[in-house]
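The next block holds one structure in the form of structure tokens; read it before the comments.
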Amino acid sequence: MLTIKSRVAGGCARSRLVLLVAASLVLSLASGCVFSKQVTNAHVLELDSSRIVVGETTALDVLNSWGPPAPTDPLGLLQPASPGHFVPGSRVYRYVSKEKRCASFLALAPIDGAPVPVMPILPFLWCDDQPAYVLVLEFDEGGVVKRVSKGTTQTVWRPWSSGSDREVRIETTAMRGVSLP
Amino acid sequence: MSSRSLRAVLVSLVAAGLLLPVFTGCAMQRQRINIENPYTRIAKVRTGETRVEELTAILGTAPSSIIPVPPDKEGYVYSYGDSKTWTLGMIFLNFSKTNTGIDTAIVVVDRGGVVEKVIHGTNSKDLPWQFWPFGGE
């Protein structure tokens, strides 16, 4: 009797262990909530626009202090007409910082030490890509700042937040006689 | 195999299965655009001394474009950048953050082919390695 009981108890413990092993293997593959954020040109957020005096600051002053505006994606380097591509003599300089937030649910497996998606738990990727901060300087014919516009756009975590939750702010300072947009 | 050693093997497998997700996701990735060590190279361009023929050798790349700078100068436009990604994977959750900086540099060259001025951005300077995607920047 004792022998039968111990065999049954041992068998139950073993099958529990096997279940645990199977569960842990499944868990290792089921690490699938992925949150990622990409910030481009964060340095633009540190530009001190209070030093720009409408009607006095020139384009050369801006270039010497901040450098020329730059695109926010590598492809923008190949497209001369894209926003942010610097053209001397241009009457508008746009300094832009961009932010992109993405969330997805994937089954990941460790391959070469990095998590590689092997199967989508849900076949969706939610992203929100916005120009988080835009600083626009407009110059007159003489190269003097005539208008400064600052805009901030909040990026949200989809699908938990929608575009209507987004906070957008725009602030414009212009010379006298120059109309606001 | 005795039941004790079998149990030890199974416990080890359980532990490995639980710990594996914690250590699978630490990955760091870096991407440089056009110019390697741009700020060191740009510092080597001397105004009043460096000639236009030396720019490609110093900066390590050709200009993205050449534009007229009135009245009689030329601007050599260079684009460069850097991108750092850190991914951290844990049980059920994985975090990743990419910091990217893209810059434009303009080298103004006079009629004699001598560099007169260098203007460059610093978006891609000292980008931090970060894995936490929530909050602030």
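Letters A, B, ... go to the chains of the structure tokens in the order shown; residues in each chain start at 1; ligands are counted from 1 in the same order.
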
Skip region 66-68 of chain A itself and residues of its chain fewer than 6 positions away, then list as a PyMOL selection string all residues within 6 Å of it, counting only C-alpha atoms.
chain B and resi 119-121

So that I can check the surroundings of region 136-146 of chain A, please list as a ChimeraX atom specification every protein, DNA and RNA residue that reaches within 7 Å of it, counting only C-alpha atoms and ignoring chain neighbours fewer than 6 positions away.
/A:54-59,91-95,174-175

Please determine, counting only C-alpha atoms, which residue among B:Gly101, B:Gly75, B:Gly135, B:Gly81 has the shortest atom-to-atom distance to chain A.
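For chain A, the nearest of the given residues is B:Gly101.
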